[in-house]
>>> print(open('start-v6.tsv').read())   # TSV, C-alpha atoms and all ligand atoms
chain	number	residue	atom	x	y	z
A	1	MET	CA	-5.70	2.35	27.03
A	2	SER	CA	-6.02	-0.43	24.43
A	3	ARG	CA	-4.26	-0.13	21.12
A	4	PRO	CA	-6.11	1.21	18.06
A	5	LEU	CA	-8.04	-1.33	16.02
A	6	ILE	CA	-5.65	-2.53	13.32
A	7	VAL	CA	-7.08	-3.29	9.87
A	8	ALA	CA	-4.77	-4.94	7.31
A	9	ILE	CA	-5.62	-4.59	3.62
A	10	ASP	CA	-3.19	-6.50	1.42
A	11	GLY	CA	-3.25	-7.41	-2.25
A	12	PRO	CA	-1.65	-6.78	-5.63
A	13	ALA	CA	-1.44	-3.45	-7.44
A	14	GLY	CA	-4.71	-2.36	-9.01
A	15	ALA	CA	-7.00	-4.47	-6.83
A	16	GLY	CA	-8.53	-1.26	-5.47
A	17	LYS	CA	-6.72	-1.11	-2.12
A	18	SER	CA	-6.01	2.63	-2.22
A	19	SER	CA	-9.52	3.78	-3.08
A	20	VAL	CA	-11.09	1.31	-0.68
A	21	SER	CA	-8.69	2.17	2.15
A	22	LYS	CA	-9.17	5.90	1.73
A	23	LEU	CA	-12.96	5.61	1.82
A	24	LEU	CA	-12.94	3.21	4.74
A	25	ALA	CA	-10.64	5.47	6.75
A	26	ARG	CA	-12.92	8.43	6.13
A	27	ARG	CA	-16.15	6.56	6.84
A	28	LEU	CA	-14.83	5.00	10.03
A	29	GLY	CA	-12.77	7.96	11.26
A	30	PHE	CA	-9.64	5.81	11.23
A	31	SER	CA	-6.08	6.79	10.28
A	32	LEU	CA	-4.69	5.59	6.99
A	33	VAL	CA	-1.17	4.21	6.54
A	34	ASP	CA	-0.25	3.78	2.89
A	35	THR	CA	2.78	1.51	3.26
A	36	GLY	CA	3.39	1.42	-0.51
A	37	ALA	CA	4.03	5.18	-0.35
A	38	ILE	CA	6.73	4.51	2.25
A	39	TYR	CA	8.55	2.06	-0.07
A	40	ARG	CA	8.09	4.55	-2.89
A	41	CYS	CA	9.76	7.29	-0.80
A	42	VAL	CA	12.77	5.06	-0.16
A	43	ALA	CA	13.01	4.34	-3.90
A	44	LEU	CA	12.81	8.04	-4.74
A	45	ALA	CA	15.51	8.94	-2.23
A	46	ALA	CA	17.75	6.12	-3.52
A	47	ARG	CA	17.28	7.20	-7.15
A	48	ARG	CA	17.95	10.85	-6.33
A	49	ARG	CA	21.24	9.81	-4.74
A	50	ASN	CA	22.07	7.50	-7.66
A	51	LEU	CA	22.28	4.45	-5.40
A	52	ALA	CA	22.23	0.98	-6.91
A	53	LEU	CA	18.86	-0.46	-5.88
A	54	ASP	CA	20.47	-3.69	-4.72
A	55	ASP	CA	23.24	-2.08	-2.66
A	56	ASP	CA	22.12	-3.21	0.78
A	57	ALA	CA	24.78	-1.30	2.70
A	58	ALA	CA	23.92	1.97	0.95
A	59	LEU	CA	20.17	1.36	1.31
A	60	GLY	CA	20.63	0.61	5.01
A	61	SER	CA	22.53	3.87	5.61
A	62	LEU	CA	20.00	5.78	3.54
A	63	LEU	CA	17.07	4.53	5.63
A	64	ALA	CA	18.65	5.84	8.79
A	65	THR	CA	18.69	9.38	7.36
A	66	LEU	CA	15.13	9.59	5.96
A	67	THR	CA	12.09	11.16	7.56
A	68	ILE	CA	8.78	10.02	6.06
A	69	THR	CA	5.53	11.57	7.28
A	70	PHE	CA	1.90	11.75	6.14
A	71	ARG	CA	-0.67	14.52	6.26
A	72	VAL	CA	-4.30	14.29	5.22
A	73	GLU	CA	-5.46	17.40	3.39
A	74	GLY	CA	-9.06	17.28	2.18
A	75	GLU	CA	-9.45	14.20	0.02
A	76	HIS	CA	-5.73	13.58	-0.27
A	77	ASN	CA	-3.23	11.76	1.88
A	78	HIS	CA	0.03	13.59	1.24
A	79	VAL	CA	3.39	12.01	1.86
A	80	PHE	CA	6.46	14.03	2.81
A	81	LEU	CA	10.05	12.98	2.38
A	82	ASP	CA	12.34	15.02	4.60
A	83	GLY	CA	9.65	17.68	4.85
A	84	VAL	CA	8.97	17.97	1.10
A	85	ASP	CA	5.66	16.84	-0.42
A	86	VAL	CA	6.56	14.03	-2.86
A	87	SER	CA	3.03	12.64	-3.32
A	88	GLN	CA	3.23	13.09	-7.10
A	89	ASP	CA	6.90	12.27	-7.66
A	90	ILE	CA	6.70	8.86	-6.01
A	91	ARG	CA	4.03	7.66	-8.48
A	92	SER	CA	5.98	7.95	-11.76
A	93	PRO	CA	6.37	4.67	-13.70
A	94	GLU	CA	10.18	4.72	-13.11
A	95	ASN	CA	9.70	5.14	-9.40
A	96	SER	CA	7.03	2.44	-9.27
A	97	LEU	CA	9.47	-0.07	-10.68
A	98	ALA	CA	12.23	1.15	-8.38
A	99	ALA	CA	9.88	0.81	-5.39
A	100	SER	CA	9.24	-2.78	-6.34
A	101	GLN	CA	12.99	-3.38	-6.50
A	102	VAL	CA	13.91	-1.78	-3.17
A	103	SER	CA	10.98	-3.52	-1.52
A	104	SER	CA	12.60	-6.88	-2.31
A	105	ARG	CA	15.63	-6.04	-0.11
A	106	LYS	CA	15.48	-7.47	3.39
A	107	VAL	CA	17.41	-4.51	4.79
A	108	VAL	CA	14.69	-2.17	3.52
A	109	ARG	CA	11.78	-4.31	4.72
A	110	ASP	CA	13.28	-4.77	8.17
A	111	GLY	CA	14.23	-1.11	8.38
A	112	LEU	CA	10.67	0.02	7.66
A	113	LEU	CA	8.85	-2.27	10.09
A	114	ASP	CA	9.16	0.03	13.06
A	115	LEU	CA	7.96	3.09	11.14
A	116	GLN	CA	4.88	1.25	9.80
A	117	ARG	CA	3.98	-0.03	13.27
A	118	ARG	CA	4.54	3.35	14.90
A	119	LEU	CA	2.35	5.17	12.39
A	120	ALA	CA	-0.47	2.70	13.05
A	121	LEU	CA	-0.15	2.58	16.82
A	122	GLN	CA	-0.24	6.36	17.16
A	123	ALA	CA	-3.71	6.39	15.51
A	124	GLY	CA	-6.76	7.22	17.61
A	125	GLN	CA	-9.56	4.68	17.40
A	126	GLY	CA	-8.24	2.64	14.51
A	127	ALA	CA	-5.79	2.42	11.62
A	128	ILE	CA	-6.19	1.05	8.12
A	129	LEU	CA	-2.88	-0.19	6.74
A	130	GLU	CA	-2.70	-0.98	3.05
A	131	GLY	CA	0.19	-2.95	1.62
A	132	ARG	CA	1.42	-6.39	0.70
A	133	ASP	CA	2.54	-7.98	3.97
A	134	ILE	CA	0.54	-6.18	6.64
A	135	GLY	CA	-1.44	-9.23	7.74
A	136	THR	CA	1.52	-11.60	7.40
A	137	VAL	CA	4.50	-9.62	8.71
A	138	VAL	CA	3.82	-6.07	9.93
A	139	PHE	CA	0.76	-6.93	12.05
A	140	PRO	CA	0.26	-10.72	12.05
A	141	ASP	CA	-2.08	-10.04	15.00
A	142	ALA	CA	-4.17	-7.40	13.19
A	143	ASP	CA	-7.78	-7.25	14.39
A	144	VAL	CA	-9.19	-7.57	10.86
A	145	LYS	CA	-7.42	-8.77	7.71
A	146	PHE	CA	-8.46	-8.52	4.09
A	147	PHE	CA	-6.81	-9.72	0.92
A	148	LEU	CA	-8.19	-7.76	-2.02
A	149	PHE	CA	-7.53	-9.11	-5.50
A	150	ALA	CA	-8.89	-8.96	-9.07
A	151	ASP	CA	-8.20	-10.42	-12.51
A	152	PRO	CA	-4.94	-9.05	-13.98
A	153	GLY	CA	-6.76	-7.66	-17.05
A	154	VAL	CA	-9.27	-5.83	-14.86
A	155	ARG	CA	-6.51	-4.38	-12.69
A	156	ALA	CA	-4.52	-3.14	-15.68
A	157	ARG	CA	-7.66	-1.61	-17.19
A	158	ARG	CA	-8.30	0.32	-13.97
A	159	ARG	CA	-4.72	1.61	-13.97
A	160	TYR	CA	-5.03	2.56	-17.63
A	161	GLU	CA	-8.20	4.56	-16.93
A	162	GLU	CA	-6.57	6.25	-13.95
A	163	LEU	CA	-3.60	7.36	-16.07
A	164	PHE	CA	-5.97	8.46	-18.83
A	165	GLU	CA	-7.94	10.62	-16.38
A	166	LYS	CA	-4.72	12.26	-15.22
A	167	GLY	CA	-3.79	13.04	-18.83
A	168	LYS	CA	-0.94	10.50	-18.69
A	169	GLU	CA	-2.26	8.07	-21.28
A	170	GLN	CA	-0.09	5.05	-22.13
A	171	PRO	CA	-0.77	2.11	-24.44
A	172	PHE	CA	-2.79	-0.51	-22.56
A	173	ALA	CA	-0.18	-3.16	-23.45
A	174	ASN	CA	2.50	-1.14	-21.62
A	175	VAL	CA	0.36	-0.80	-18.53
A	176	LEU	CA	-0.35	-4.54	-18.51
A	177	ASN	CA	3.30	-5.34	-19.09
A	178	GLU	CA	4.50	-3.14	-16.28
A	179	GLN	CA	1.90	-4.61	-13.94
A	180	GLN	CA	3.01	-8.15	-14.79
A	181	LYS	CA	6.61	-7.20	-14.02
A	182	ARG	CA	5.66	-5.76	-10.65
A	183	ASP	CA	3.35	-8.69	-9.80
A	184	LYS	CA	6.19	-11.07	-10.53
A	185	GLU	CA	8.69	-9.13	-8.41
A	186	ASP	CA	6.24	-8.72	-5.53
A	187	SER	CA	5.15	-12.34	-5.39
A	188	GLU	CA	8.42	-14.10	-6.18
A	189	ARG	CA	10.72	-12.20	-3.85
A	190	GLU	CA	12.22	-14.19	-1.01
A	191	VAL	CA	11.42	-11.72	1.75
A	192	ALA	CA	7.77	-11.21	2.64
A	193	PRO	CA	6.32	-12.15	-0.77
A	194	LEU	CA	2.79	-11.09	-1.56
A	195	LYS	CA	0.47	-13.79	-0.24
A	196	PRO	CA	-2.77	-13.82	1.69
A	197	ALA	CA	-2.57	-14.33	5.44
A	198	PRO	CA	-4.36	-17.61	6.26
A	199	ASP	CA	-6.89	-15.72	8.37
A	200	ALA	CA	-7.54	-12.93	5.84
A	201	LEU	CA	-10.96	-12.52	4.27
A	202	ARG	CA	-10.32	-12.78	0.51
A	203	VAL	CA	-12.31	-10.39	-1.63
A	204	ASP	CA	-12.36	-10.59	-5.44
A	205	SER	CA	-13.09	-7.08	-6.67
A	206	SER	CA	-13.07	-7.98	-10.41
A	207	ALA	CA	-16.79	-7.60	-10.88
A	208	LEU	CA	-17.69	-5.46	-7.88
A	209	PRO	CA	-18.22	-1.70	-7.91
A	210	LEU	CA	-16.09	0.22	-5.42
A	211	SER	CA	-19.11	0.95	-3.21
A	212	ASP	CA	-19.87	-2.78	-2.82
A	213	VAL	CA	-16.30	-3.54	-1.78
A	214	VAL	CA	-16.32	-0.68	0.73
A	215	HIS	CA	-19.67	-1.78	2.19
A	216	LEU	CA	-18.49	-5.35	2.53
A	217	LEU	CA	-15.27	-4.47	4.33
A	218	GLU	CA	-16.90	-1.78	6.43
A	219	ALA	CA	-19.56	-4.19	7.67
A	220	ARG	CA	-16.89	-6.67	8.74
A	221	ILE	CA	-14.84	-3.98	10.51
A	222	ARG	CA	-17.91	-2.64	12.31
A	223	GLU	CA	-18.68	-6.17	13.54
A	224	VAL	CA	-15.21	-6.40	15.04
A	225	VAL	CA	-15.51	-2.92	16.57
A	226	ALA	CA	-18.84	-3.92	18.14
A	227	ALA	CA	-17.48	-7.23	19.44
A	228	ARG	CA	-14.53	-5.40	20.92
A	229	SER	CA	-16.60	-2.83	22.76
A	230	ALA	CA	-18.94	-5.54	24.08
A	231	ARG	CA	-15.98	-7.21	25.80
B	301	LIG	O1	1.02	-0.23	-3.21
B	301	LIG	P1	2.06	0.43	-4.07
B	301	LIG	O2	1.90	0.10	-5.52
B	301	LIG	O3	2.12	1.91	-3.84
B	301	LIG	O4	3.47	-0.18	-3.57
B	301	LIG	C1	4.69	0.21	-4.14
B	301	LIG	C2	5.66	-0.97	-4.13
B	301	LIG	O5	6.02	-1.30	-2.80
B	301	LIG	C3	5.10	-2.24	-4.77
B	301	LIG	O6	6.00	-2.72	-5.74
B	301	LIG	C4	5.01	-3.24	-3.66
B	301	LIG	C5	5.85	-2.67	-2.56
B	301	LIG	N1	5.22	-2.85	-1.25
B	301	LIG	C6	5.64	-3.87	-0.48
B	301	LIG	O7	6.49	-4.65	-0.90
B	301	LIG	N2	5.12	-4.05	0.77
B	301	LIG	C7	4.18	-3.23	1.23
B	301	LIG	N3	3.67	-3.40	2.45
B	301	LIG	C8	3.71	-2.16	0.42
B	301	LIG	C9	4.25	-2.01	-0.83
>>> encode(input="start-v6.tsv", output="structure tokens", more="lines below")
Ligand code: DC
Amino acid sequence: MSRPLIVAIDGPAGAGKSSVSKLLARRLGFSLVDTGAIYRCVALAARRRNLALDDDAALGSLLATLTITFRVEGEHNHVFLDGVDVSQDIRSPENSLAASQVSSRKVVRDGLLDLQRRLALQAGQGAILEGRDIGTVVFPDADVKFFLFADPGVRARRRYEELFEKGKEQPFANVLNEQQKRDKEDSEREVAPLKPAPDALRVDSSALPLSDVVHLLEARIREVVAARSAR
């Protein structure tokens, strides 16, 4: 039995990866692995235990004790930390920043590789993995790779609207500021910095509606599926 088709979707926060990945997974009948949620779970567990986010020894021991699982329920992909649904808790602004910090630690990145690969390889027909280093580090041999990006102002505006819809309005300047901080941390870190894989298809979503981005990526994935089954 061949392995599931692996689709890597990398890019900065706010480029539309989550919405696009969710829709693609549903339309194609593929599994979805939200690798950002995995880093967010580690950050939440570290914060709850009052660990310093740069204490590699403590982070390493922590990783060995955590169980992170996903379950799709209706429209939502829920994430469970040690059996408890933390889908909401992991998305607070404090935890977002903490996730960015723990994700810069090599011990954390190395420790999560196996989990990310396992979750993808246990998929049926295919798996969509969204993250920052899927096409460069987690699956350098992914069957299809995308790098989704957009202007920083557009990305911050999308985040602002999302918070507004959830009743968690914040000044736009704060949202932009926080995004800049995370962009800087994600792209300047030494281990697996955010950068497009050389063989990734780069898609600028600044001026594209969500449906156009989904159609574009879906068409490319279907081409690869067809080429694979013709072999
Ligand atoms: O995609 P997200 O915003 O939920 O990711 C949370 C944090 O984890 C973000 O700061 C980047 C980091 N991350 C990472 O370093 N590598 C990944 N594959 C996924 C996320």
>>> residues_around(input="start-v6.tsv", residues="Gly126 of chain A", least_positions_apart="5", cutoff="8 Å", atoms="only C-alpha atoms", output="PyMOL selection string")
chain A and resi 4-7+29-31+120
>>> closest_atom_pairs(input="start-v6.tsv", of="segment 29-137 of chain A", to="segment 176-180 of chain A", cutoff="10 Å", atoms="all atoms listed in the file", output="Markdown table")
| residue | atom | partner | partner_atom | distance |
| --- | --- | --- | --- | --- |
| A:Pro93 | CA | A:Glu178 | CA | 8.4 |
| A:Ser96 | CA | A:Glu178 | CA | 9.3 |
| A:Leu97 | CA | A:Glu178 | CA | 8.1 |
>>> write_last_selection(input="start-v6.tsv", atoms="C-alpha atoms", output="mmCIF file, keeping the file's coordinate frame")
data_model
loop_
_atom_site.group_PDB
_atom_site.id
_atom_site.type_symbol
_atom_site.label_atom_id
_atom_site.label_comp_id
_atom_site.auth_asym_id
_atom_site.auth_seq_id
_atom_site.Cartn_x
_atom_site.Cartn_y
_atom_site.Cartn_z
ATOM 1 C CA PRO A 93 6.370 4.670 -13.700
ATOM 2 C CA SER A 96 7.030 2.440 -9.270
ATOM 3 C CA LEU A 97 9.470 -0.070 -10.680
#
>>> axis_aligned_box(input="start-v6.tsv", around="ligand LIG 301 (chain B)", padding_each_side="4 Å", output="AutoDock Vina command-line options")
--center_x 3.8 --center_y -1.4 --center_z -1.6 --size_x 13.5 --size_y 14.6 --size_z 16.2
>>> residues_near_ligand(input="start-v6.tsv", ligand="ligand LIG 301 (chain B)", cutoff="7 Å", atoms="only C-alpha atoms and all ligand atoms", output="number ranges by chain")
A: 13, 35-37, 39-40, 96-97, 99-100, 103-104, 130-134, 182, 186
>>> write_last_selection(input="start-v6.tsv", atoms="C-alpha atoms", output="PDB file, keeping the file's coordinate frame")
ATOM      1  CA  ALA A  13      -1.440  -3.450  -7.440  1.00  0.00           C
ATOM      2  CA  THR A  35       2.780   1.510   3.260  1.00  0.00           C
ATOM      3  CA  GLY A  36       3.390   1.420  -0.510  1.00  0.00           C
ATOM      4  CA  ALA A  37       4.030   5.180  -0.350  1.00  0.00           C
ATOM      5  CA  TYR A  39       8.550   2.060  -0.070  1.00  0.00           C
ATOM      6  CA  ARG A  40       8.090   4.550  -2.890  1.00  0.00           C
ATOM      7  CA  SER A  96       7.030   2.440  -9.270  1.00  0.00           C
ATOM      8  CA  LEU A  97       9.470  -0.070 -10.680  1.00  0.00           C
ATOM      9  CA  ALA A  99       9.880   0.810  -5.390  1.00  0.00           C
ATOM     10  CA  SER A 100       9.240  -2.780  -6.340  1.00  0.00           C
ATOM     11  CA  SER A 103      10.980  -3.520  -1.520  1.00  0.00           C
ATOM     12  CA  SER A 104      12.600  -6.880  -2.310  1.00  0.00           C
ATOM     13  CA  GLU A 130      -2.700  -0.980   3.050  1.00  0.00           C
ATOM     14  CA  GLY A 131       0.190  -2.950   1.620  1.00  0.00           C
ATOM     15  CA  ARG A 132       1.420  -6.390   0.700  1.00  0.00           C
ATOM     16  CA  ASP A 133       2.540  -7.980   3.970  1.00  0.00           C
ATOM     17  CA  ILE A 134       0.540  -6.180   6.640  1.00  0.00           C
ATOM     18  CA  ARG A 182       5.660  -5.760 -10.650  1.00  0.00           C
ATOM     19  CA  ASP A 186       6.240  -8.720  -5.530  1.00  0.00           C
TER      20      ASP A 186
END
>>> atom_distance(input="start-v6.tsv", atom1="atom CA of Val84 of chain A", atom2="atom CA of Ala46 of chain A")
15.5 Å
>>> closest_residue(input="start-v6.tsv", among="A:Asp151, A:Asp89, A:Asp54, A:Asp82", to="Val203 of chain A", atoms="all atoms listed in the file")
A:Asp151
>>> atom_distance(input="start-v6.tsv", atom1="atom CA of Lys166 of chain A", atom2="atom CA of Ser87 of chain A")
14.2 Å
>>> atom_distance(input="start-v6.tsv", atom1="atom CA of Val144 of chain A", atom2="atom CA of Leu208 of chain A")
20.7 Å
>>> closest_residue(input="start-v6.tsv", among="A:Lys145, A:Ser92, A:Glu188, A:Phe164", to="Ile9 of chain A", atoms="all atoms listed in the file")
A:Lys145
>>> residues_around(input="start-v6.tsv", residues="Tyr160 of chain A", least_positions_apart="4", cutoff="12 Å", atoms="all atoms listed in the file", output="VMD selection string")
chain A and resid 14 153 to 156 164 to 179
>>> residues_around(input="start-v6.tsv", residues="segment 63-71 of chain A", least_positions_apart="3", cutoff="6 Å", atoms="all atoms listed in the file", output="list in words")
Gly60, Asn77, His78, Val79, Phe80, Leu81 and Asp82 of chain A
>>> closest_residue(input="start-v6.tsv", among="A:Ala58, A:Val138, A:Pro152, A:Lys184", to="Leu112 of chain A", atoms="all atoms listed in the file")
A:Val138
>>> build_atoms(input="start-v6.tsv", residues="segment 176-192 of chain A", atoms="N, CA, C and O atoms", output="compact mmCIF listing (two decimals), keeping the file's coordinate frame")
# COMPACT_ATOMS: atom_id res chain seq x y z
N LEU A 176 -0.22 -3.13 -18.88
CA LEU A 176 -0.35 -4.54 -18.51
C LEU A 176 1.03 -5.17 -18.29
O LEU A 176 1.25 -5.88 -17.30
N ASN A 177 1.94 -4.82 -19.16
CA ASN A 177 3.30 -5.34 -19.09
C ASN A 177 3.99 -4.94 -17.79
O ASN A 177 4.59 -5.77 -17.11
N GLU A 178 3.86 -3.66 -17.48
CA GLU A 178 4.50 -3.14 -16.28
C GLU A 178 3.89 -3.78 -15.03
O GLU A 178 4.59 -4.13 -14.08
N GLN A 179 2.59 -3.98 -15.07
CA GLN A 179 1.90 -4.61 -13.94
C GLN A 179 2.39 -6.06 -13.75
O GLN A 179 2.63 -6.50 -12.63
N GLN A 180 2.55 -6.76 -14.88
CA GLN A 180 3.01 -8.15 -14.79
C GLN A 180 4.40 -8.22 -14.17
O GLN A 180 4.69 -9.09 -13.36
N LYS A 181 5.24 -7.24 -14.56
CA LYS A 181 6.61 -7.20 -14.02
C LYS A 181 6.57 -7.00 -12.51
O LYS A 181 7.25 -7.68 -11.75
N ARG A 182 5.74 -6.07 -12.09
CA ARG A 182 5.66 -5.76 -10.65
C ARG A 182 5.03 -6.93 -9.88
O ARG A 182 5.47 -7.28 -8.80
N ASP A 183 4.00 -7.54 -10.46
CA ASP A 183 3.35 -8.69 -9.80
C ASP A 183 4.38 -9.78 -9.56
O ASP A 183 4.42 -10.41 -8.51
N LYS A 184 5.20 -10.00 -10.59
CA LYS A 184 6.19 -11.07 -10.53
C LYS A 184 7.20 -10.76 -9.42
O LYS A 184 7.48 -11.60 -8.56
N GLU A 185 7.70 -9.51 -9.43
CA GLU A 185 8.69 -9.13 -8.41
C GLU A 185 8.09 -9.24 -7.00
O GLU A 185 8.73 -9.75 -6.10
N ASP A 186 6.86 -8.75 -6.87
CA ASP A 186 6.24 -8.72 -5.53
C ASP A 186 5.94 -10.12 -5.00
O ASP A 186 6.04 -10.38 -3.81
N SER A 187 5.56 -11.03 -5.91
CA SER A 187 5.15 -12.34 -5.39
C SER A 187 6.27 -13.38 -5.40
O SER A 187 6.16 -14.40 -4.73
N GLU A 188 7.35 -13.10 -6.14
CA GLU A 188 8.42 -14.10 -6.18
C GLU A 188 9.60 -13.75 -5.29
O GLU A 188 10.54 -14.52 -5.19
N ARG A 189 9.57 -12.56 -4.68
CA ARG A 189 10.72 -12.20 -3.85
C ARG A 189 10.80 -13.13 -2.64
O ARG A 189 9.79 -13.67 -2.18
N GLU A 190 12.04 -13.25 -2.12
CA GLU A 190 12.22 -14.19 -1.01
C GLU A 190 11.67 -13.63 0.30
O GLU A 190 11.13 -14.36 1.12
N VAL A 191 11.84 -12.32 0.48
CA VAL A 191 11.42 -11.72 1.75
C VAL A 191 9.99 -11.22 1.64
O VAL A 191 9.67 -10.44 0.74
N ALA A 192 9.17 -11.66 2.56
CA ALA A 192 7.77 -11.21 2.64
C ALA A 192 7.08 -11.12 1.28
O ALA A 192 6.61 -10.06 0.88
